[in-house]
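Participant: File query.csv below, CSV, C-alpha atoms and all ligand atoms:
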```csv
chain,number,residue,atom,x,y,z
E,1,MET,CA,0.0,0.0,0.0
E,2,ASN,CA,2.9,2.3,0.8
E,3,THR,CA,4.2,1.8,-2.8
E,4,SER,CA,1.4,4.0,-4.2
E,5,LEU,CA,1.8,6.6,-1.4
E,6,PRO,CA,3.4,9.9,-2.3
E,7,GLU,CA,6.7,10.1,-0.4
E,8,LEU,CA,5.8,13.3,1.4
E,9,GLU,CA,2.6,11.9,2.7
E,10,ALA,CA,4.3,8.7,3.8
E,11,HIS,CA,7.0,10.7,5.6
E,12,ARG,CA,4.4,12.9,7.3
E,13,LEU,CA,2.3,9.9,8.5
E,14,LYS,CA,5.3,8.1,9.7
E,15,SER,CA,6.1,11.0,11.9
E,16,LEU,CA,2.6,11.0,13.4
E,17,PRO,CA,2.9,9.8,17.0
E,18,LYS,CA,0.5,6.9,17.3
E,19,ALA,CA,-0.2,3.5,18.7
E,20,GLU,CA,-1.6,0.3,17.2
E,21,VAL,CA,-4.2,-1.6,19.2
E,22,HIS,CA,-5.4,-4.3,16.8
E,23,LEU,CA,-2.5,-6.4,15.5
E,24,HIS,CA,-2.0,-10.1,15.5
E,25,LEU,CA,1.4,-11.8,16.0
E,26,GLU,CA,0.1,-14.5,13.6
E,27,GLY,CA,-0.4,-11.8,11.0
E,28,CYS,CA,3.3,-10.6,11.1
E,29,PHE,CA,5.2,-13.5,9.5
E,30,GLU,CA,7.5,-12.4,6.7
E,31,ALA,CA,7.4,-14.6,3.6
E,32,ALA,CA,11.2,-14.7,3.4
E,33,THR,CA,11.5,-15.9,7.0
E,34,ILE,CA,8.9,-18.6,6.4
E,35,ALA,CA,10.7,-19.7,3.3
E,36,GLN,CA,14.0,-19.9,5.1
E,37,TRP,CA,12.6,-21.9,8.1
E,38,ALA,CA,10.8,-24.3,5.7
E,39,LYS,CA,14.1,-24.8,3.8
E,40,THR,CA,15.9,-25.6,7.0
E,41,GLU,CA,13.2,-28.1,8.0
E,42,GLY,CA,13.1,-29.6,4.5
E,43,LEU,CA,9.4,-28.7,4.2
E,44,ALA,CA,7.8,-27.6,0.9
E,45,LEU,CA,5.9,-24.3,0.7
E,46,PRO,CA,2.4,-24.6,-0.7
E,47,ARG,CA,3.4,-22.2,-3.5
E,48,PRO,CA,6.4,-19.9,-4.4
E,49,GLN,CA,7.6,-17.4,-1.8
E,50,GLU,CA,6.3,-14.4,-3.8
E,51,ASP,CA,2.8,-15.8,-3.9
E,52,LEU,CA,2.8,-17.2,-0.3
E,53,PHE,CA,0.2,-14.8,1.0
E,54,LYS,CA,-2.2,-15.1,-2.0
E,55,PHE,CA,-4.8,-17.2,-0.2
E,56,SER,CA,-7.5,-19.1,-2.2
E,57,GLY,CA,-9.9,-19.1,0.8
E,58,LEU,CA,-10.3,-19.7,4.5
E,59,ALA,CA,-9.1,-23.3,4.4
E,60,ASP,CA,-6.0,-22.3,2.6
E,61,PHE,CA,-5.4,-19.4,5.0
E,62,LEU,CA,-5.8,-21.7,8.1
E,63,GLY,CA,-3.5,-24.2,6.5
E,64,PHE,CA,-0.9,-21.5,6.1
E,65,LEU,CA,-1.3,-20.5,9.7
E,66,ASP,CA,-0.7,-24.1,10.8
E,67,LEU,CA,2.5,-24.2,8.7
E,68,ALA,CA,3.8,-20.8,9.8
E,69,CYS,CA,3.1,-21.2,13.6
E,70,GLY,CA,4.4,-24.8,13.4
E,71,LEU,CA,7.7,-23.5,11.9
E,72,ALA,CA,8.1,-21.0,14.7
E,73,CYS,CA,8.6,-23.8,17.1
E,74,THR,CA,11.9,-22.8,18.8
E,75,THR,CA,12.7,-20.0,21.2
E,76,GLU,CA,15.2,-18.6,18.7
E,77,ARG,CA,12.5,-18.3,15.9
E,78,LEU,CA,9.9,-16.8,18.2
E,79,VAL,CA,12.4,-14.2,19.4
E,80,ALA,CA,13.1,-13.4,15.7
E,81,LEU,CA,9.4,-13.1,14.9
E,82,SER,CA,8.7,-10.8,17.9
E,83,TYR,CA,11.7,-8.7,17.1
E,84,GLY,CA,10.6,-8.4,13.5
E,85,LEU,CA,7.2,-7.2,14.5
E,86,CYS,CA,8.8,-4.3,16.4
E,87,GLN,CA,10.9,-3.4,13.3
E,88,ARG,CA,7.6,-3.3,11.3
E,89,LEU,CA,6.1,-0.9,14.0
E,90,ALA,CA,9.2,1.3,13.8
E,91,ASP,CA,9.0,1.4,9.9
E,92,ASN,CA,5.5,2.9,10.4
E,93,GLY,CA,6.4,5.3,13.1
E,94,THR,CA,4.2,3.4,15.6
E,95,GLY,CA,5.2,4.3,19.2
E,96,TYR,CA,3.5,1.4,20.9
E,97,ALA,CA,1.4,-1.7,20.1
E,98,ASP,CA,-0.9,-4.1,21.8
E,99,VAL,CA,-0.2,-7.4,20.1
E,100,ILE,CA,-2.8,-10.2,20.1
E,101,PHE,CA,-1.6,-13.7,20.1
E,102,ASN,CA,-3.8,-16.8,20.2
E,103,PRO,CA,-2.2,-19.9,21.8
E,104,THR,CA,-4.6,-22.3,20.0
E,105,HIS,CA,-2.7,-21.8,16.7
E,106,TRP,CA,0.7,-22.7,18.2
E,107,HIS,CA,0.6,-26.5,18.4
E,108,ALA,CA,4.4,-26.9,19.0
E,109,TRP,CA,4.0,-24.8,22.2
E,110,HIS,CA,0.9,-26.4,23.6
E,111,GLY,CA,1.2,-26.9,27.3
E,112,ARG,CA,4.2,-24.4,27.5
E,113,LEU,CA,2.4,-21.1,27.7
E,114,GLY,CA,5.0,-19.6,30.1
E,115,ALA,CA,7.9,-20.6,27.9
E,116,MET,CA,6.2,-19.2,24.8
E,117,LEU,CA,5.5,-15.9,26.6
E,118,ASP,CA,9.1,-15.8,27.8
E,119,ALA,CA,10.4,-16.3,24.2
E,120,MET,CA,8.1,-13.5,22.8
E,121,ASP,CA,9.2,-11.3,25.7
E,122,ALA,CA,12.9,-11.9,24.9
E,123,GLY,CA,12.3,-10.7,21.4
E,124,PHE,CA,10.3,-7.6,22.5
E,125,LYS,CA,12.9,-6.8,25.1
E,126,ALA,CA,15.8,-7.0,22.6
E,127,ALA,CA,13.8,-4.7,20.3
E,128,GLU,CA,13.2,-2.2,23.1
E,129,GLN,CA,16.9,-2.2,23.9
E,130,ASP,CA,17.7,-1.4,20.3
E,131,GLY,CA,15.3,1.6,20.5
E,132,LEU,CA,12.4,-0.1,18.8
E,133,PRO,CA,8.7,0.5,19.9
E,134,ARG,CA,7.3,-1.1,23.0
E,135,VAL,CA,4.7,-3.9,23.0
E,136,GLY,CA,2.1,-5.3,25.3
E,137,VAL,CA,0.6,-8.8,24.7
E,138,CYS,CA,-3.1,-9.6,24.6
E,139,VAL,CA,-3.6,-13.3,25.0
E,140,SER,CA,-6.5,-14.5,23.0
E,141,LEU,CA,-9.2,-17.1,23.3
E,142,LEU,CA,-10.7,-18.6,20.2
E,143,ARG,CA,-14.5,-18.2,19.6
E,144,THR,CA,-14.9,-21.9,19.0
E,145,GLN,CA,-13.2,-23.0,22.3
E,146,SER,CA,-15.2,-24.4,25.2
E,147,ALA,CA,-16.0,-22.4,28.4
E,148,ASP,CA,-13.7,-24.8,30.3
E,149,ALA,CA,-10.7,-24.4,27.9
E,150,ALA,CA,-11.2,-20.6,28.2
E,151,ILE,CA,-11.2,-20.7,32.0
E,152,GLU,CA,-8.2,-22.9,32.0
E,153,LEU,CA,-6.2,-20.4,29.9
E,154,VAL,CA,-7.2,-17.5,32.1
E,155,ASP,CA,-6.3,-19.4,35.2
E,156,ALA,CA,-2.9,-20.2,33.7
E,157,LEU,CA,-2.4,-16.4,33.0
E,158,ARG,CA,-3.5,-15.6,36.6
E,159,ALA,CA,-0.9,-18.1,37.9
E,160,LEU,CA,1.9,-16.8,35.6
E,161,ARG,CA,1.3,-13.0,36.1
E,162,HIS,CA,3.6,-12.4,33.2
E,163,PRO,CA,4.6,-8.7,33.1
E,164,ARG,CA,4.3,-8.7,29.3
E,165,VAL,CA,0.6,-9.7,29.3
E,166,VAL,CA,-1.7,-6.7,29.5
E,167,ALA,CA,-5.1,-8.1,28.4
E,168,LEU,CA,-7.4,-11.0,27.6
E,169,SER,CA,-8.8,-11.1,24.1
E,170,VAL,CA,-11.1,-13.3,22.1
E,171,ASP,CA,-10.9,-13.7,18.3
E,172,GLY,CA,-12.2,-16.2,15.7
E,173,ASN,CA,-15.1,-16.5,13.4
E,174,GLU,CA,-18.4,-15.6,15.1
E,175,ALA,CA,-20.3,-16.4,11.9
E,176,ILE,CA,-19.3,-20.1,12.5
E,177,ALA,CA,-19.3,-20.1,16.3
E,178,GLY,CA,-22.6,-18.3,16.7
E,179,ARG,CA,-23.4,-16.3,19.9
E,180,THR,CA,-20.7,-17.2,22.3
E,181,GLY,CA,-20.7,-14.2,24.7
E,182,PRO,CA,-22.3,-16.1,27.6
E,183,ARG,CA,-19.8,-19.0,27.1
E,184,PHE,CA,-16.8,-16.8,27.8
E,185,ALA,CA,-18.4,-14.6,30.5
E,186,GLU,CA,-16.7,-16.4,33.4
E,187,ALA,CA,-13.3,-16.4,31.7
E,188,PHE,CA,-13.5,-12.6,31.1
E,189,ARG,CA,-14.8,-12.0,34.7
E,190,ARG,CA,-11.8,-13.8,36.1
E,191,ALA,CA,-9.4,-11.9,33.8
E,192,GLY,CA,-10.9,-8.6,34.9
E,193,ASP,CA,-10.6,-9.6,38.6
E,194,ALA,CA,-7.0,-10.4,38.0
E,195,GLY,CA,-6.3,-6.9,36.7
E,196,LEU,CA,-6.1,-7.8,33.0
E,197,ARG,CA,-7.8,-5.5,30.5
E,198,ARG,CA,-10.4,-6.9,28.1
E,199,THR,CA,-10.6,-6.6,24.3
E,200,VAL,CA,-13.1,-8.5,22.2
E,201,HIS,CA,-13.3,-9.2,18.4
E,202,ALA,CA,-17.0,-8.4,17.5
E,203,GLY,CA,-19.1,-6.6,15.0
E,204,GLU,CA,-17.1,-8.0,12.0
E,205,SER,CA,-18.1,-11.6,11.5
E,206,SER,CA,-21.0,-10.9,13.9
E,207,GLY,CA,-23.5,-8.0,13.6
E,208,PRO,CA,-24.4,-5.4,16.3
E,209,GLU,CA,-25.5,-8.2,18.7
E,210,GLY,CA,-21.9,-9.3,19.0
E,211,VAL,CA,-20.8,-5.8,20.1
E,212,TRP,CA,-23.7,-5.6,22.6
E,213,ASP,CA,-22.5,-8.9,24.1
E,214,ALA,CA,-18.8,-7.8,24.1
E,215,VAL,CA,-19.8,-4.8,26.3
E,216,ASN,CA,-22.6,-6.2,28.4
E,217,VAL,CA,-21.5,-9.8,28.9
E,218,LEU,CA,-17.7,-9.7,28.5
E,219,GLY,CA,-17.0,-6.3,30.0
E,220,ALA,CA,-14.9,-5.2,27.0
E,221,ASP,CA,-12.7,-2.1,27.5
E,222,ARG,CA,-12.2,-2.0,23.8
E,223,ILE,CA,-13.7,-3.7,20.7
E,224,ASP,CA,-11.6,-5.1,17.9
E,225,HIS,CA,-13.4,-4.2,14.6
E,226,GLY,CA,-16.9,-3.3,15.9
E,227,VAL,CA,-17.7,-1.7,12.5
E,228,ARG,CA,-21.1,-3.3,12.2
E,229,ALA,CA,-22.2,-1.3,15.2
E,230,ILE,CA,-23.2,1.2,12.5
E,231,GLU,CA,-26.3,-1.0,11.8
E,232,ASP,CA,-27.8,-0.2,15.2
E,233,ALA,CA,-28.3,3.4,16.2
E,234,ALA,CA,-28.9,2.6,19.9
E,235,LEU,CA,-25.6,0.7,20.0
E,236,VAL,CA,-23.7,3.7,18.4
E,237,ARG,CA,-25.2,5.9,21.1
E,238,MET,CA,-24.1,3.5,23.8
E,239,LEU,CA,-20.5,3.4,22.4
E,240,VAL,CA,-20.5,7.2,22.4
E,241,ASP,CA,-22.0,7.5,25.9
E,242,ARG,CA,-19.6,5.0,27.4
E,243,GLN,CA,-16.6,6.1,25.3
E,244,ILE,CA,-15.7,2.5,24.3
E,245,PRO,CA,-13.1,2.6,21.6
E,246,LEU,CA,-13.1,0.6,18.4
E,247,GLY,CA,-9.9,-0.8,16.9
E,248,ILE,CA,-10.8,-0.6,13.2
E,249,CYS,CA,-8.9,-2.3,10.3
E,250,PRO,CA,-10.2,-0.9,7.0
E,251,THR,CA,-8.0,-2.9,4.6
E,252,SER,CA,-8.8,-6.1,6.5
E,253,ASN,CA,-12.5,-5.5,6.2
E,254,LEU,CA,-12.1,-4.9,2.4
E,255,VAL,CA,-9.9,-8.0,1.8
E,256,LEU,CA,-12.2,-10.2,3.8
E,257,GLY,CA,-15.3,-8.8,2.1
E,258,VAL,CA,-17.1,-7.2,5.1
E,259,TYR,CA,-17.5,-4.1,2.8
E,260,PRO,CA,-17.3,-4.1,-1.0
E,261,SER,CA,-15.3,-0.8,-1.2
E,262,ILE,CA,-13.7,1.8,1.1
E,263,LEU,CA,-16.5,4.2,0.2
E,264,ASP,CA,-18.9,1.8,1.9
E,265,HIS,CA,-16.8,1.5,5.0
E,266,PRO,CA,-18.4,3.0,8.1
E,267,ILE,CA,-15.3,4.3,9.9
E,268,GLU,CA,-16.1,7.9,9.0
E,269,ARG,CA,-19.8,7.6,9.9
E,270,LEU,CA,-18.8,6.1,13.3
E,271,ARG,CA,-16.1,8.8,13.9
E,272,SER,CA,-18.4,11.7,13.0
E,273,ALA,CA,-21.1,10.2,15.2
E,274,GLY,CA,-18.7,10.6,18.2
E,275,VAL,CA,-17.5,7.0,18.5
E,276,ARG,CA,-13.8,6.7,19.4
E,277,VAL,CA,-12.1,5.0,16.5
E,278,SER,CA,-8.5,4.1,15.7
E,279,VAL,CA,-7.0,2.6,12.5
E,280,ASN,CA,-5.0,-0.6,12.6
E,281,THR,CA,-3.6,-3.3,10.3
E,282,ASP,CA,-5.0,-6.6,11.8
E,283,ASP,CA,-2.7,-9.0,9.9
E,284,PRO,CA,-0.4,-6.6,8.0
E,285,ALA,CA,2.0,-9.1,6.4
E,286,LEU,CA,-0.8,-11.4,5.2
E,287,LEU,CA,-3.0,-8.5,4.0
E,288,GLY,CA,-0.2,-6.4,2.5
E,289,ALA,CA,-1.2,-3.6,4.7
E,290,SER,CA,0.7,-1.0,6.6
E,291,LEU,CA,-0.4,1.4,9.3
E,292,ILE,CA,0.8,4.4,7.3
E,293,GLY,CA,-1.2,3.1,4.4
E,294,GLU,CA,-4.4,2.8,6.5
E,295,TYR,CA,-4.1,6.4,7.7
E,296,ALA,CA,-3.5,7.5,4.1
E,297,LEU,CA,-6.4,5.5,2.8
E,298,CYS,CA,-8.8,7.2,5.3
E,299,ARG,CA,-7.4,10.7,4.6
E,300,ARG,CA,-7.7,10.2,0.9
E,301,THR,CA,-11.2,8.7,1.0
E,302,PHE,CA,-12.9,10.7,3.7
E,303,GLY,CA,-11.0,13.9,3.5
E,304,TRP,CA,-9.5,13.6,7.0
E,305,THR,CA,-7.7,16.9,7.9
E,306,ASP,CA,-4.6,17.0,10.0
E,307,ALA,CA,-6.7,17.8,13.0
E,308,MET,CA,-9.0,14.7,12.4
E,309,THR,CA,-5.9,12.5,11.8
E,310,LYS,CA,-4.4,13.8,15.0
E,311,SER,CA,-7.6,13.0,16.9
E,312,VAL,CA,-7.7,9.4,15.6
E,313,ALA,CA,-4.0,9.0,16.6
E,314,ARG,CA,-4.8,10.4,20.0
E,315,THR,CA,-7.6,7.8,20.4
E,316,SER,CA,-5.1,5.0,19.4
E,317,ILE,CA,-2.8,6.1,22.2
E,318,ASP,CA,-5.6,6.6,24.8
E,319,ALA,CA,-7.3,3.3,23.9
E,320,SER,CA,-4.0,1.3,24.1
E,321,PHE,CA,-3.1,-0.7,27.2
E,322,ALA,CA,0.4,1.0,27.3
E,323,SER,CA,1.7,2.2,30.7
E,324,SER,CA,0.9,5.8,31.7
E,325,ASP,CA,4.5,6.8,31.0
E,326,VAL,CA,4.4,5.6,27.4
E,327,LYS,CA,1.1,7.2,26.8
E,328,ALA,CA,2.2,10.5,28.2
E,329,GLN,CA,5.3,10.5,26.0
E,330,LEU,CA,3.3,9.7,22.9
E,331,LEU,CA,0.6,12.3,23.7
E,332,ALA,CA,3.2,15.0,24.3
E,333,ALA,CA,4.9,14.2,21.0
E,334,LEU,CA,1.5,14.2,19.2
E,335,LYS,CA,0.8,17.8,20.5
E,336,ASP,CA,3.8,19.0,18.4
E,337,TRP,CA,2.9,17.1,15.2
Q,401,ZN,ZN,-8.2,-9.2,14.3
```
Kindly present the structure from the file in structure tokens form.
Ligand SMILES: [Zn+2]
Facilitator:
Amino acid sequence: MNTSLPELEAHRLKSLPKAEVHLHLEGCFEAATIAQWAKTEGLALPRPQEDLFKFSGLADFLGFLDLACGLACTTERLVALSYGLCQRLADNGTGYADVIFNPTHWHAWHGRLGAMLDAMDAGFKAAEQDGLPRVGVCVSLLRTQSADAAIELVDALRALRHPRVVALSVDGNEAIAGRTGPRFAEAFRRAGDAGLRRTVHAGESSGPEGVWDAVNVLGADRIDHGVRAIEDAALVRMLVDRQIPLGICPTSNLVLGVYPSILDHPIERLRSAGVRVSVNTDDPALLGASLIGEYALCRRTFGWTDAMTKSVARTSIDASFASSDVKAQLLAALKDW
């Protein structure tokens, strides 16, 4: 997306102090890295490296996820993946990110959550020491999991109290899973009691009812996507009244067919109704998206002025689960943009 962006605009948007709050570790594999790991393991790629992220459908995508997460089976590789994610943030001038990771995808690490978090943490720490952006981890449940499996994960997090973990998340396909808010209520309650923040994928593969459940049943501090809230005026009013932020990913919604074109995308209608919105990349490597590109797309399509752009960036920082120090630094820098 950056390739079509005028250099001046790219430079200016890179300099915009901002955070990213909806970004999956599983969406940050680089094709070259996967190819190298596969070669070392003597595994064949499903197609040539340059076409690796051209998915033919959901099954193909899930097959890739299995392959990629399976290859990231050693501490060394997970450290490299985590470090690379921070490099990607720096390339976009992102000052901080909440990174979602879903243990169910990482078969090689099953039963070793602490070791997996330590490996990611080592990559993030090394990045910070090299002056790259800071990261908090949101550990995610999968919508198709059972209530017991969800509670088991949350109890493991409560026992670990890993300093890198800032939140509990839930992702996955609600169109397949159906209404699962009540199933995860106890897990989210326990996470909240343990001092974890709560972020919930809803209002993308579910309609407004998924967003209502995220807030009323799961106690969400933030909604990932949430765009289909636009279909329910009472829900939009509630999001405004309670100032619950949405972590919106325009390109992801277009690629996955939630909206046919950016002109149909509701981010500007939500923003102008007073909903707190931020822009994010979701799975940037797999979607060919960049955070600078997402801001540029919204500015170009919806005529966002610098003041509007700044206000969205401010929301991204406020809505993040960064420490108060990191937030204060970013907000001070944003004032001068
Ligand atoms: Zn997502």
Participant: Looking at E:Cys298, E:Ala10, E:Leu239, E:Leu256, which one is nearest to ligand ZN 401 (chain Q), with distances taken over all atoms listed in the file?
Facilitator: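 Result for the nearest residue to ligand ZN 401 (chain Q): E:Leu256.
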Participant: For ligand ZN 401 (chain Q), return the neighbouring residues as a PyMOL selection string (distance at most 9 Å; only C-alpha atoms and all ligand atoms).
Facilitator: chain E and resi 22-24+27+100+171-172+201+224-225+247+249+252+281-283
Participant: Can you write just those residues out, C-alpha atoms, as a PDB file, in the frame of the given file?
Facilitator:
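Once written, selection_29.pdb looks like this:
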```
ATOM      1  CA  HIS E  22      -5.400  -4.300  16.800  1.00  0.00           C
ATOM      2  CA  LEU E  23      -2.500  -6.400  15.500  1.00  0.00           C
ATOM      3  CA  HIS E  24      -2.000 -10.100  15.500  1.00  0.00           C
ATOM      4  CA  GLY E  27      -0.400 -11.800  11.000  1.00  0.00           C
ATOM      5  CA  ILE E 100      -2.800 -10.200  20.100  1.00  0.00           C
ATOM      6  CA  ASP E 171     -10.900 -13.700  18.300  1.00  0.00           C
ATOM      7  CA  GLY E 172     -12.200 -16.200  15.700  1.00  0.00           C
ATOM      8  CA  HIS E 201     -13.300  -9.200  18.400  1.00  0.00           C
ATOM      9  CA  ASP E 224     -11.600  -5.100  17.900  1.00  0.00           C
ATOM     10  CA  HIS E 225     -13.400  -4.200  14.600  1.00  0.00           C
ATOM     11  CA  GLY E 247      -9.900  -0.800  16.900  1.00  0.00           C
ATOM     12  CA  CYS E 249      -8.900  -2.300  10.300  1.00  0.00           C
ATOM     13  CA  SER E 252      -8.800  -6.100   6.500  1.00  0.00           C
ATOM     14  CA  THR E 281      -3.600  -3.300  10.300  1.00  0.00           C
ATOM     15  CA  ASP E 282      -5.000  -6.600  11.800  1.00  0.00           C
ATOM     16  CA  ASP E 283      -2.700  -9.000   9.900  1.00  0.00           C
TER      17      ASP E 283
END
```
Participant: Kindly provide, as a PDB file with C-alpha atoms, in the frame of the given file, the polymer residues lying within 8 Å of (5.0, -9.7, 5.0), counting all atoms listed in the file and using the coordinates exactly as they appear in the file.
Facilitator:
```
ATOM      1  CA  CYS E  28       3.300 -10.600  11.100  1.00  0.00           C
ATOM      2  CA  PHE E  29       5.200 -13.500   9.500  1.00  0.00           C
ATOM      3  CA  GLU E  30       7.500 -12.400   6.700  1.00  0.00           C
ATOM      4  CA  ALA E  31       7.400 -14.600   3.600  1.00  0.00           C
ATOM      5  CA  PRO E 284      -0.400  -6.600   8.000  1.00  0.00           C
ATOM      6  CA  ALA E 285       2.000  -9.100   6.400  1.00  0.00           C
ATOM      7  CA  LEU E 286      -0.800 -11.400   5.200  1.00  0.00           C
ATOM      8  CA  GLY E 288      -0.200  -6.400   2.500  1.00  0.00           C
TER       9      GLY E 288
END
```
Participant: With only C-alpha atoms as the atoms that count, which of E:Trp212, E:Ile34, E:Gly203, E:Asp155 lies nearest to Arg189 in chain E?
Facilitator: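 Checking each candidate against Arg189 in chain E, we get E:Asp155 as the closest.
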Participant: Smallest atom-to-atom distance to Val135 in chain E: which of E:Thr315, E:Ser290, E:Ser323, E:Ser4, using all atoms listed in the file?
Facilitator: E:Ser323
Participant: Compare E:Asp148, E:Glu41, E:Glu9, E:Glu209 by their minimum atom-to-atom distance to Ala234 in chain E, counting all atoms listed in the file, and give me the closest one.
Facilitator: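 The answer is E:Glu209, which sits nearest to Ala234 in chain E.
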Participant: Which is closer to Leu246 in chain E than all the others in E:Val21, E:Cys138, E:Val170, E:Ala147, using all atoms listed in the file?
Facilitator: E:Val21
Participant: Could you check how far CA of Leu168 in chain E sits from CA of Val139 in chain E, in Å to one decimal?
Facilitator: 5.1 Å
Participant: As an exercise, work out the distance from CA of Gly274 in chain E to CA of Val99 in chain E in Å and give it to one decimal place.
Facilitator: 25.9 Å
Participant: Taking only residues of range 94-186 of chain E that have an atom at most 12 Å from an atom of range 56-63 of chain E, what is each one's shortest atom pair and its distance in Å to one decimal, using all atoms listed in the file, in chain and number order, as a Markdown table?
Facilitator:
```
| residue | atom | partner | partner_atom | distance |
| --- | --- | --- | --- | --- |
| E:Thr104 | CA | E:Leu62 | CA | 12.0 |
| E:His105 | CA | E:Leu62 | CA | 9.1 |
| E:Gly172 | CA | E:Leu62 | CA | 11.4 |
| E:Asn173 | CA | E:Leu58 | CA | 10.6 |
```
Participant: Within 9 Å of (7.2, -1.1, 24.6) (file coordinates; all atoms listed in the file), which protein or nucleic acid residues are there? I'd like them as a ChimeraX atom specification.
Facilitator: /E:86,95-97,124-125,127-128,132-136,322-323,326
Participant: For Leu45 in chain E, which of E:Ala90, E:Leu157, E:Ala233, E:Leu67 is the closest residue, counting only C-alpha atoms?
Facilitator: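 That would be E:Leu67, the residue with the smallest distance to Leu45 in chain E.
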Participant: Env of Ala44 in chain E: 9 Å cut, atoms = only C-alpha atoms, seq-sep filter 5 positions within chain, self excluded. Answer as a list in words.
Facilitator: Ala35, Ala38 and Lys39 of chain E
Participant: Which distance in Å separates CA of Ile151 in chain E and CA of Ala187 in chain E, to one decimal?
Facilitator: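 Interatomic distance here is 4.8 Å.
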Participant: Need the shell around Leu5 in chain E: protein/DNA/RNA residues with any atom at most 12 Å away, counting only C-alpha atoms. Skip same-chain ones fewer than 4 positions apart. Format as a ChimeraX atom specification?
Facilitator: /E:1,9-14,290,292-297,299-300
Participant: I'd like the contact shell of Ala202 in chain E - 8 Å cut-off, only C-alpha atoms, skipping same-chain residues fewer than 2 positions apart - returned as a PyMOL selection string.
Facilitator: chain E and resi 174+200+204-207+210-211+214+223-226
